[in-house]
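Text of the file work-v1.txt, holding compact mmCIF, C-alpha atoms:
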# COMPACT_ATOMS: atom_id res chain seq x y z
CA MET L 242 8.16 -19.12 -1.65
CA THR L 243 9.91 -19.50 1.70
CA ALA L 244 12.73 -17.68 3.41
CA ASP L 245 16.22 -18.98 2.71
CA THR L 246 17.31 -20.55 6.00
CA ALA L 247 20.91 -19.55 5.30
CA THR L 248 20.14 -15.86 5.02
CA ALA L 249 16.91 -15.32 6.97
CA PRO L 250 17.58 -12.47 9.43
CA PRO L 251 16.75 -12.45 13.12
CA ALA L 252 13.39 -10.85 13.79
CA ALA L 253 15.02 -8.19 16.02
CA LEU L 254 17.03 -6.72 13.15
CA HIS L 255 15.50 -4.05 10.96
CA PRO L 256 15.09 -5.65 7.51
CA LEU L 257 17.22 -2.95 5.86
CA ARG L 258 20.19 -4.17 7.91
CA THR L 259 20.10 -7.48 6.03
CA ARG L 260 21.59 -7.90 2.56
CA PRO L 261 18.71 -9.81 0.87
CA PHE L 262 16.08 -7.25 1.78
CA ARG L 263 18.44 -4.34 1.04
CA LEU L 264 18.87 -5.64 -2.49
CA LEU L 265 15.13 -6.13 -2.91
CA PHE L 266 14.30 -2.75 -1.37
CA THR L 267 16.77 -0.83 -3.54
CA GLY L 268 15.64 -2.55 -6.72
CA ARG L 269 11.97 -2.08 -5.88
CA ALA L 270 12.53 1.59 -4.99
CA LEU L 271 14.13 2.19 -8.39
CA SER L 272 11.29 0.38 -10.17
CA LEU L 273 8.76 2.45 -8.25
CA LEU L 274 10.59 5.64 -9.23
CA GLY L 275 10.39 4.59 -12.88
CA ASP L 276 6.70 3.68 -12.52
CA ALA L 277 5.94 7.06 -10.91
CA ALA L 278 7.87 9.04 -13.52
CA ILE L 279 6.40 7.32 -16.58
CA PRO L 280 2.83 8.76 -16.51
CA ALA L 281 4.00 12.35 -16.08
CA ALA L 282 6.74 12.02 -18.69
CA LEU L 283 4.42 10.20 -21.06
CA ALA L 284 1.70 12.84 -20.80
CA LEU L 285 4.11 15.70 -21.47
CA ALA L 286 5.92 13.82 -24.24
CA VAL L 287 2.83 12.70 -26.17
CA LEU L 288 1.16 16.11 -25.93
CA GLU L 289 4.37 17.80 -27.09
CA ALA L 290 4.78 15.36 -29.99
CA THR L 291 1.15 15.17 -31.16
CA GLY L 292 -0.75 18.05 -29.51
CA SER L 293 -3.69 15.63 -29.16
CA THR L 294 -5.42 14.61 -25.94
CA SER L 295 -6.99 11.73 -27.86
CA ALA L 296 -3.53 10.41 -28.67
CA LEU L 297 -2.59 10.70 -25.01
CA ALA L 298 -5.74 8.80 -23.98
CA LEU L 299 -4.88 6.06 -26.50
CA VAL L 300 -1.34 5.61 -25.19
CA LEU L 301 -2.43 5.66 -21.52
CA GLY L 302 -5.18 3.17 -22.28
CA CYS L 303 -2.71 0.88 -24.02
CA ALA L 304 -0.62 0.86 -20.84
CA MET L 305 -3.59 0.28 -18.48
CA VAL L 306 -5.78 -2.29 -20.22
CA PRO L 307 -3.20 -5.09 -20.72
CA LYS L 308 -2.14 -4.73 -17.09
CA LEU L 309 -5.68 -5.25 -15.83
CA LEU L 310 -6.44 -8.13 -18.18
CA LEU L 311 -3.24 -10.05 -17.44
CA LEU L 312 -3.07 -9.66 -13.66
CA PRO L 313 -4.61 -13.09 -12.85
CA LEU L 314 -2.20 -14.78 -15.25
CA GLY L 315 0.64 -12.81 -13.66
CA GLY L 316 -0.36 -14.25 -10.28
CA VAL L 317 -0.22 -17.82 -11.60
CA VAL L 318 3.22 -17.22 -13.14
CA GLY L 319 4.47 -15.67 -9.89
CA ASP L 320 3.45 -18.79 -7.93
CA ARG L 321 4.50 -21.38 -10.54
CA PHE L 322 7.94 -19.94 -11.21
CA ASP L 323 10.66 -18.22 -9.20
CA ALA L 324 9.26 -14.79 -8.30
CA ARG L 325 12.75 -13.29 -8.44
CA THR L 326 13.23 -14.47 -12.02
CA VAL L 327 9.78 -13.18 -13.02
CA ALA L 328 10.47 -9.77 -11.45
CA LEU L 329 13.90 -9.60 -13.08
CA THR L 330 12.47 -10.46 -16.49
CA THR L 331 9.71 -7.84 -16.23
CA ASP L 332 12.26 -5.20 -15.23
CA LEU L 333 14.32 -6.02 -18.32
CA ILE L 334 11.23 -5.84 -20.56
CA ARG L 335 10.24 -2.47 -19.13
CA CYS L 336 13.83 -1.28 -19.51
CA VAL L 337 13.69 -2.11 -23.23
CA THR L 338 10.23 -0.59 -23.78
CA GLN L 339 11.11 2.71 -22.09
CA LEU L 340 14.42 2.86 -23.95
CA LEU L 341 12.51 2.34 -27.22
CA VAL L 342 10.16 5.21 -26.34
CA GLY L 343 13.16 7.38 -25.46
CA ILE L 344 14.87 6.64 -28.79
CA GLN L 345 11.65 7.44 -30.65
CA LEU L 346 11.36 10.80 -28.90
CA LEU L 347 15.03 11.65 -29.33
CA GLY L 348 14.63 11.01 -33.06
CA GLY L 349 12.22 13.94 -33.30
CA ALA L 350 9.45 12.19 -35.25
CA PRO L 351 7.94 9.60 -32.90
CA SER L 352 5.45 7.06 -34.22
CA LEU L 353 2.23 6.96 -32.21
CA ALA L 354 1.87 3.26 -33.01
CA VAL L 355 5.35 2.51 -31.64
CA LEU L 356 4.70 4.55 -28.48
CA ALA L 357 1.37 2.82 -27.89
CA GLY L 358 2.84 -0.62 -28.59
CA ALA L 359 5.78 -0.06 -26.25
CA GLU L 360 3.52 1.13 -23.43
CA ALA L 361 1.16 -1.83 -24.00
CA LEU L 362 4.11 -4.22 -23.66
CA GLY L 363 5.31 -2.35 -20.57
CA GLY L 364 1.83 -2.50 -19.04
CA ALA L 365 1.66 -6.24 -19.73
CA ALA L 366 5.02 -6.69 -18.01
CA GLY L 367 3.67 -4.75 -15.05
CA ALA L 368 0.86 -7.30 -14.69
CA PHE L 369 3.50 -9.98 -14.06
CA ALA L 370 5.70 -7.75 -11.88
CA VAL L 371 3.09 -6.61 -9.33
CA PRO L 372 2.21 -10.08 -7.92
CA THR L 373 5.89 -10.90 -7.29
CA VAL L 374 6.41 -8.21 -4.65
CA ALA L 375 4.61 -9.96 -1.78
CA PRO L 376 6.37 -13.33 -2.27
CA LEU L 377 9.74 -11.60 -2.54
CA VAL L 378 9.22 -9.62 0.66
CA LYS L 379 8.03 -12.73 2.50
CA GLY L 380 10.99 -14.68 1.15
CA THR L 381 13.69 -12.23 2.22
CA VAL L 382 12.74 -11.35 5.82
CA ALA L 383 11.84 -13.23 8.98
CA ALA L 384 8.16 -13.47 9.88
CA GLY L 385 8.57 -11.04 12.76
CA SER L 386 10.07 -8.41 10.46
CA LEU L 387 7.32 -8.42 7.82
CA HIS L 388 5.57 -5.33 9.15
CA ARG L 389 8.73 -3.22 9.21
CA ALA L 390 9.73 -4.48 5.77
CA ASN L 391 6.36 -3.51 4.31
CA ALA L 392 6.51 -0.15 6.07
CA ALA L 393 9.90 0.48 4.44
CA MET L 394 8.39 -0.45 1.07
CA GLY L 395 5.55 1.99 1.78
CA VAL L 396 8.03 4.79 2.45
CA ALA L 397 9.79 4.00 -0.85
CA LYS L 398 6.45 4.10 -2.64
CA SER L 399 5.55 7.46 -1.13
CA ALA L 400 8.98 8.91 -1.91
CA SER L 401 8.60 7.82 -5.53
CA ARG L 402 5.17 9.47 -5.68
CA LEU L 403 6.80 12.68 -4.51
CA GLY L 404 9.93 12.54 -6.63
CA GLY L 405 8.92 10.65 -9.77
CA PRO L 406 6.62 13.21 -11.40
CA ALA L 407 8.89 16.10 -10.39
CA LEU L 408 11.92 14.35 -11.83
CA ALA L 409 10.08 13.50 -15.04
CA GLY L 410 8.82 17.06 -15.45
CA THR L 411 12.27 18.53 -14.83
CA LEU L 412 13.89 16.28 -17.43
CA VAL L 413 11.16 16.90 -20.02
CA LEU L 414 11.44 20.67 -19.60
CA THR L 415 15.26 20.81 -19.51
CA VAL L 416 16.87 18.10 -21.65
CA GLY L 417 13.74 16.85 -23.43
CA PRO L 418 11.23 14.01 -23.04
CA GLY L 419 13.47 11.45 -24.73
CA TRP L 420 16.06 11.59 -21.95
CA ALA L 421 13.33 11.22 -19.33
CA PHE L 422 12.50 7.81 -20.80
CA VAL L 423 16.17 6.88 -21.06
CA LEU L 424 16.41 7.51 -17.30
CA ASP L 425 13.27 5.45 -16.75
CA ALA L 426 14.92 2.62 -18.67
CA ALA L 427 18.03 2.94 -16.50
CA THR L 428 16.03 2.59 -13.26
CA PHE L 429 14.55 -0.69 -14.47
CA GLY L 430 17.95 -1.90 -15.70
CA VAL L 431 19.67 -1.27 -12.37
CA SER L 432 16.75 -2.91 -10.57
CA ALA L 433 17.24 -6.03 -12.72
CA LEU L 434 20.96 -6.12 -11.86
CA LEU L 435 20.18 -5.97 -8.14
CA LEU L 436 17.62 -8.76 -8.46
CA MET L 437 20.29 -10.90 -10.16
CA ALA L 438 22.29 -10.76 -6.91
CA LEU L 439 19.27 -11.80 -4.80
CA ARG L 440 18.66 -15.45 -3.96
CA VAL L 441 15.28 -16.57 -2.65
CA GLU L 442 14.23 -20.19 -2.25
CA HIS L 443 11.27 -21.18 -4.41
CA VAL L 444 8.90 -24.10 -3.87
CA PRO L 445 7.25 -24.79 -7.27
CA LEU L 446 3.58 -25.66 -7.60
CA PRO L 447 2.61 -29.14 -8.77
CA ARG L 448 1.94 -29.34 -12.51
CA ARG L 449 -1.72 -28.75 -13.36
CA SER L 450 -3.93 -26.66 -15.60
CA LEU L 451 -4.01 -22.89 -15.69
CA ARG L 452 -7.72 -23.02 -14.86
CA ALA L 453 -7.03 -25.08 -11.72
CA ASP L 454 -4.38 -22.61 -10.56
CA LEU L 455 -6.69 -19.65 -11.12
CA ALA L 456 -9.53 -21.44 -9.30
CA GLU L 457 -7.33 -22.24 -6.30
CA GLY L 458 -6.23 -18.61 -6.05
CA TRP L 459 -9.84 -17.46 -6.14
CA ARG L 460 -10.78 -19.97 -3.40
CA GLU L 461 -8.08 -18.47 -1.20
CA VAL L 462 -9.65 -15.03 -1.75
CA ARG L 463 -13.28 -15.90 -1.09
CA SER L 464 -12.54 -18.20 1.86
CA ARG L 465 -11.60 -15.14 3.97
CA ASP L 466 -14.47 -12.76 4.63
CA TRP L 467 -12.10 -10.09 5.95
CA TYR L 468 -10.23 -10.19 2.64
CA TRP L 469 -12.90 -10.04 -0.05
CA THR L 470 -15.10 -7.56 1.82
CA SER L 471 -12.11 -5.27 2.28
CA LEU L 472 -11.42 -5.51 -1.45
CA ILE L 473 -14.91 -4.09 -2.09
CA GLY L 474 -13.93 -1.06 -0.03
CA HIS L 475 -10.57 -0.79 -1.80
CA SER L 476 -12.29 -0.92 -5.19
CA ALA L 477 -14.71 1.81 -4.07
CA TRP L 478 -11.70 3.90 -3.01
CA ASN L 479 -10.06 3.61 -6.43
CA GLY L 480 -13.32 4.44 -8.21
CA ALA L 481 -13.75 7.50 -6.00
CA ALA L 482 -10.14 8.52 -6.63
CA ALA L 483 -10.81 8.37 -10.37
CA VAL L 484 -13.79 10.69 -9.90
CA LEU L 485 -11.70 13.14 -7.90
CA MET L 486 -8.81 13.06 -10.39
CA THR L 487 -11.24 13.67 -13.26
CA LEU L 488 -13.33 16.48 -11.76
CA GLY L 489 -11.01 17.90 -9.10
CA PRO L 490 -8.75 19.97 -11.39
CA ALA L 491 -11.68 21.84 -12.94
CA VAL L 492 -13.25 22.54 -9.54
CA ALA L 493 -9.92 23.80 -8.21
CA VAL L 494 -9.35 26.07 -11.20
CA GLN L 495 -12.89 27.45 -11.38
CA ARG L 496 -13.85 27.71 -7.70
CA LEU L 497 -10.81 27.37 -5.43
CA GLY L 498 -8.29 29.86 -6.77
CA GLY L 499 -6.74 28.29 -9.85
CA GLY L 500 -4.26 25.65 -10.88
CA THR L 501 -1.89 26.35 -7.99
CA THR L 502 -4.56 25.04 -5.61
CA TRP L 503 -4.66 21.74 -7.48
CA VAL L 504 -0.87 21.43 -7.50
CA ALA L 505 -0.77 22.19 -3.77
CA LEU L 506 -3.45 19.57 -3.14
CA LEU L 507 -1.46 16.89 -4.97
CA GLN L 508 1.77 17.79 -3.18
CA VAL L 509 0.14 17.76 0.25
CA GLY L 510 -1.42 14.42 -0.66
CA ALA L 511 2.00 12.99 -1.48
CA VAL L 512 3.35 14.24 1.87
CA GLY L 513 0.32 12.76 3.63
CA PHE L 514 0.98 9.38 1.99
CA LEU L 515 4.58 9.48 3.24
CA LEU L 516 3.50 10.36 6.79
CA GLY L 517 0.95 7.54 6.75
CA ALA L 518 3.61 5.03 5.72
CA LEU L 519 5.94 6.30 8.47
CA LEU L 520 3.12 6.01 11.02
CA ALA L 521 2.52 2.40 9.96
CA ASP L 522 6.09 1.57 10.97
CA ARG L 523 5.47 2.85 14.50
CA PHE L 524 1.80 2.20 15.22
CA ARG L 525 0.62 -1.43 15.49
CA PRO L 526 -3.17 -1.43 15.95
CA ARG L 527 -4.76 -4.48 17.60
CA ARG L 528 -7.24 -4.72 14.72
CA PRO L 529 -5.07 -3.75 11.73
CA VAL L 530 -7.51 -4.46 8.88
CA LEU L 531 -10.37 -2.62 10.57
CA THR L 532 -8.18 0.37 11.44
CA ALA L 533 -6.76 0.59 7.93
CA ASN L 534 -10.19 0.35 6.27
CA LEU L 535 -11.58 3.11 8.49
CA GLY L 536 -8.59 5.22 7.49
CA LEU L 537 -9.54 4.74 3.84
CA ALA L 538 -13.06 5.98 4.59
CA THR L 539 -11.59 9.46 5.20
CA TYR L 540 -11.34 9.84 1.40
CA ALA L 541 -14.98 10.93 1.54
CA LEU L 542 -13.88 14.20 3.17
CA PRO L 543 -12.03 15.86 0.25
CA LEU L 544 -14.77 14.69 -2.14
CA ILE L 545 -17.44 16.40 -0.03
CA LEU L 546 -15.36 19.56 0.40
CA LEU L 547 -14.71 19.78 -3.35
CA ALA L 548 -18.44 19.32 -4.02
CA VAL L 549 -19.40 22.24 -1.77
CA ALA L 550 -16.40 24.37 -2.86
CA ALA L 551 -15.09 24.64 0.69
CA PRO L 552 -12.09 26.93 1.34
CA ALA L 553 -8.96 25.71 -0.42
CA PRO L 554 -6.82 25.21 2.74
CA LEU L 555 -9.49 23.00 4.30
CA THR L 556 -9.88 20.92 1.14
CA ILE L 557 -6.12 20.54 0.75
CA ALA L 558 -5.72 19.44 4.39
CA ALA L 559 -8.54 16.92 4.01
CA TYR L 560 -6.87 15.42 0.95
CA GLY L 561 -3.58 15.13 2.85
CA LEU L 562 -5.42 13.28 5.65
CA ALA L 563 -7.09 10.95 3.16
CA GLN L 564 -3.77 10.13 1.49
CA ALA L 565 -2.24 9.48 4.92
CA GLY L 566 -4.95 6.85 5.34
CA LEU L 567 -3.83 5.22 2.09
CA GLY L 568 -0.17 5.39 3.10
CA PHE L 569 -1.02 3.71 6.41
CA LEU L 570 -3.12 1.02 4.75
CA SER L 571 -0.47 -0.19 2.29
CA PRO L 572 2.06 -1.77 4.69
CA VAL L 573 -0.60 -2.84 7.21
CA TRP L 574 -2.66 -4.60 4.55
CA GLU L 575 0.34 -6.20 2.85
CA THR L 576 1.62 -7.57 6.16
CA ALA L 577 -1.81 -8.99 7.00
CA VAL L 578 -2.05 -10.71 3.62
CA GLN L 579 1.50 -12.10 3.73
CA ARG L 580 0.91 -13.59 7.18
CA ALA L 581 -2.54 -15.03 6.47
CA VAL L 582 -2.16 -16.42 2.93
CA PRO L 583 -0.09 -19.58 2.26
CA ALA L 584 3.17 -18.82 0.48
CA HIS L 585 2.34 -21.08 -2.48
CA ALA L 586 -0.75 -18.98 -3.33
CA LEU L 587 0.47 -15.52 -2.40
CA ALA L 588 1.19 -14.21 -5.92
CA ARG L 589 -2.23 -15.32 -7.20
CA VAL L 590 -4.07 -13.80 -4.24
CA THR L 591 -2.12 -10.57 -4.71
CA SER L 592 -3.02 -10.48 -8.40
CA TYR L 593 -6.74 -10.79 -7.58
CA ASP L 594 -6.26 -8.09 -4.97
CA TRP L 595 -4.91 -5.66 -7.55
CA LEU L 596 -7.45 -6.67 -10.20
CA LEU L 597 -10.47 -6.16 -7.94
CA SER L 598 -9.05 -3.02 -6.34
CA LEU L 599 -8.37 -1.34 -9.68
CA ALA L 600 -11.51 -2.57 -11.47
CA ALA L 601 -13.55 0.51 -10.57
CA THR L 602 -10.93 2.99 -11.79
CA PRO L 603 -11.95 2.95 -15.48
CA LEU L 604 -15.60 3.16 -14.38
CA GLY L 605 -14.87 6.29 -12.38
CA TYR L 606 -13.02 7.87 -15.29
CA ALA L 607 -15.90 7.12 -17.66
CA LEU L 608 -18.89 8.03 -15.47
CA ALA L 609 -17.59 11.14 -13.71
CA PRO L 610 -17.60 13.49 -16.74
CA LEU L 611 -20.95 12.13 -17.95
CA ALA L 612 -22.60 12.72 -14.57
CA ALA L 613 -20.96 16.13 -14.24
CA SER L 614 -22.26 17.24 -17.63
CA ALA L 615 -25.78 16.13 -16.69
CA TRP L 616 -26.03 17.32 -13.07
CA GLY L 617 -22.87 19.32 -12.38
CA PRO L 618 -19.72 18.14 -10.58
CA GLU L 619 -21.42 18.21 -7.17
CA ALA L 620 -23.53 15.11 -7.86
CA PRO L 621 -20.74 12.66 -8.83
CA LEU L 622 -18.41 14.00 -6.14
CA LEU L 623 -21.03 13.52 -3.42
CA ALA L 624 -22.03 10.12 -4.80
CA ALA L 625 -18.39 9.00 -4.79
CA ALA L 626 -18.04 10.25 -1.20
CA ALA L 627 -21.06 8.22 -0.11
CA VAL L 628 -19.81 5.07 -1.86
CA VAL L 629 -16.24 5.17 -0.56
CA GLY L 630 -17.20 6.22 2.96
CA GLY L 631 -20.01 3.67 3.16
CA CYS L 632 -18.12 0.70 1.68
CA CYS L 633 -14.95 1.21 3.74
CA ALA L 634 -16.77 1.90 7.00
CA ALA L 635 -19.19 -1.00 6.43
CA THR L 636 -16.31 -3.49 6.69
CA ALA L 637 -16.57 -2.91 10.46
CA LEU L 638 -19.76 -5.00 10.31
CA VAL L 639 -17.87 -8.06 9.02
CA PRO L 640 -16.89 -10.48 11.82
CA GLY L 641 -13.62 -11.47 10.14
CA VAL L 642 -12.52 -7.82 9.83
CA ARG L 643 -13.21 -7.17 13.53
CA ARG L 644 -11.53 -10.40 14.65
CA PHE L 645 -8.39 -10.09 12.51
CA ARG L 646 -5.48 -9.24 14.83
Could the structure of this file be written out as structure tokens, please?
Amino acid sequence: MTADTATAPPAALHPLRTRPFRLLFTGRALSLLGDAAIPAALALAVLEATGSTSALALVLGCAMVPKLLLLPLGGVVGDRFDARTVALTTDLIRCVTQLLVGIQLLGGAPSLAVLAGAEALGGAAGAFAVPTVAPLVKGTVAAGSLHRANAAMGVAKSASRLGGPALAGTLVLTVGPGWAFVLDAATFGVSALLLMALRVEHVPLPRRSLRADLAEGWREVRSRDWYWTSLIGHSAWNGAAAVLMTLGPAVAVQRLGGGTTWVALLQVGAVGFLLGALLADRFRPRRPVLTANLGLATYALPLILLAVAAPAPLTIAAYGLAQAGLGFLSPVWETAVQRAVPAHALARVTSYDWLLSLAATPLGYALAPLAASAWGPEAPLLAAAAVVGGCCAATALVPGVRRFR
């Protein structure tokens, strides 16, 4: 994937002032809004339709597992074929799946099997969509504009995290869950239309086996010590986040003043993520990977404060700071990867990035309640704090992380 020489913008221009990136940004922002709205709408819709948390777990699992399993294959497809076409196709698939869910819910007697199947197909499509983002960004802006382009994408992501769940909840509670999924379908449909108008040059890979393509992508990952060691820290962060999301609500309700504390914590976290993304557009550290990883290490703070039942305002502020670290990391990390990894392998490397980063999430979900039932919530929260703080801070010991500028 390379920039189209006919449309590549001057580095001095902000990427949003150029038509190719504007189209990509708008389409991606709509897809992100749909992605952010789906979990909240799905949870409310399935619980309303079935009244069963087990049914909800089944549907959520059907959306998550195919995405994790297919990510490496999604990376190969993103490098072998035109990333724009892959992204467009996945948007159309997710448009159809969410429309199917919406029709089921509007009918008044939804089938759990249909809901689970539709979300499994949507999750599988997501595995092919995620690796296309980096090649598309790199292919629509000049090299000097990559950081600002990724910062703009980070702001869109944070805005969707703020608005998606609220929009989904409002629609579910006012016009019903079916219409929430119809809107989700519309966001993916409009995104596909915008991608149709985007043209990005594609350099296809030579024909070879799937195994060879996967192996080459993995070599690109492990050949960079700054990359794979950072992914260990990112995986630890996601595992710790799963622990906090599993145990945090109960701690907030029982020890920190009730459910409003938990809602406030999540909202402040979303604002923190937005501020971190905005900071990334302005602040260019000399050692970007090191700075971003140390920012992730701050996630240990809210875990520790929840474990000791610290005052709610302090815990909420710490969570906002930790999410600001994540918001700052996203554009900084994506720019570093896009500049360091050859364009022909970028989708595969990105797919391994997501796979390894998310791998610890199911582990955190599974182990946190077991450990809490055996030793109380303090033990898993403190253990998660030690792991995420230690793994992210330890990347400072890696020569490649310190040298990356």
Quick one: which region 548-621 of chain L residues come within 8 Å of region 373-388 of chain L, and what is the nearest atom pair for each with the distance in Å to one decimal, counting all atoms listed in the file, rows ordered by chain and ascending number, as a Markdown table?
| residue | atom | partner | partner_atom | distance |
| --- | --- | --- | --- | --- |
| L:Pro572 | CA | L:His388 | CA | 6.7 |
| L:Val573 | CA | L:His388 | CA | 6.9 |
| L:Glu575 | CA | L:Ala375 | CA | 7.3 |
| L:Thr576 | CA | L:His388 | CA | 5.4 |
| L:Gln579 | CA | L:Lys379 | CA | 6.7 |
| L:Arg580 | CA | L:Ala384 | CA | 7.7 |
| L:Ala584 | CA | L:Pro376 | CA | 6.9 |
| L:Leu587 | CA | L:Pro376 | CA | 6.3 |
| L:Ala588 | CA | L:Thr373 | CA | 5.9 |
| L:Thr591 | CA | L:Ala375 | CA | 7.4 |
Name all residues at most 10 Å from Trp420 (chain L) (count only C-alpha atoms; drop same-chain ones fewer than 2 positions away) and give them as number ranges by chain. L: 282, 340, 342-344, 346-347, 409, 412-413, 415-418, 422-426
With all atoms listed in the file as the atoms that count, which of L:Leu488, L:Val327, L:Ala366, L:Val509 lies nearest to Leu310 (chain L)? L:Ala366
Determine the nearest neighbour of Leu596 (chain L) from the options L:Arg389, L:Arg402, L:His475, L:Arg260, counting only C-alpha atoms. L:His475
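Compared by their closest atoms to Gly430 (chain L), and using all atoms listed in the file, the residues L:Gly268, L:Gly631, L:Gly410, L:Pro640 rank with L:Gly268 nearest.
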Region 523-530 of chain L environment, 10 Å, all atoms listed in the file, sequence neighbours closer than 4 positions dropped, as a list of chain:residue names: L:His388, L:Arg389, L:Ala392, L:Trp467, L:Tyr468, L:Ser471, L:Ala518, L:Leu519, L:Asn534, L:Leu535, L:Gly536, L:Phe569, L:Leu570, L:Val573, L:Trp574, L:Thr576, L:Ala577, L:Val578, L:Thr636, L:Ala637, L:Gly641, L:Val642, L:Arg643, L:Arg644, L:Phe645, L:Arg646
Between CA of Leu622 (chain L) and CA of Ile545 (chain L), what is the spacing in Å? 6.6 Å
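Residue nearest Val512 (chain L), chosen from L:Leu436, L:Ala541, L:Ala558, L:Val431 and counting all atoms listed in the file: L:Ala558.
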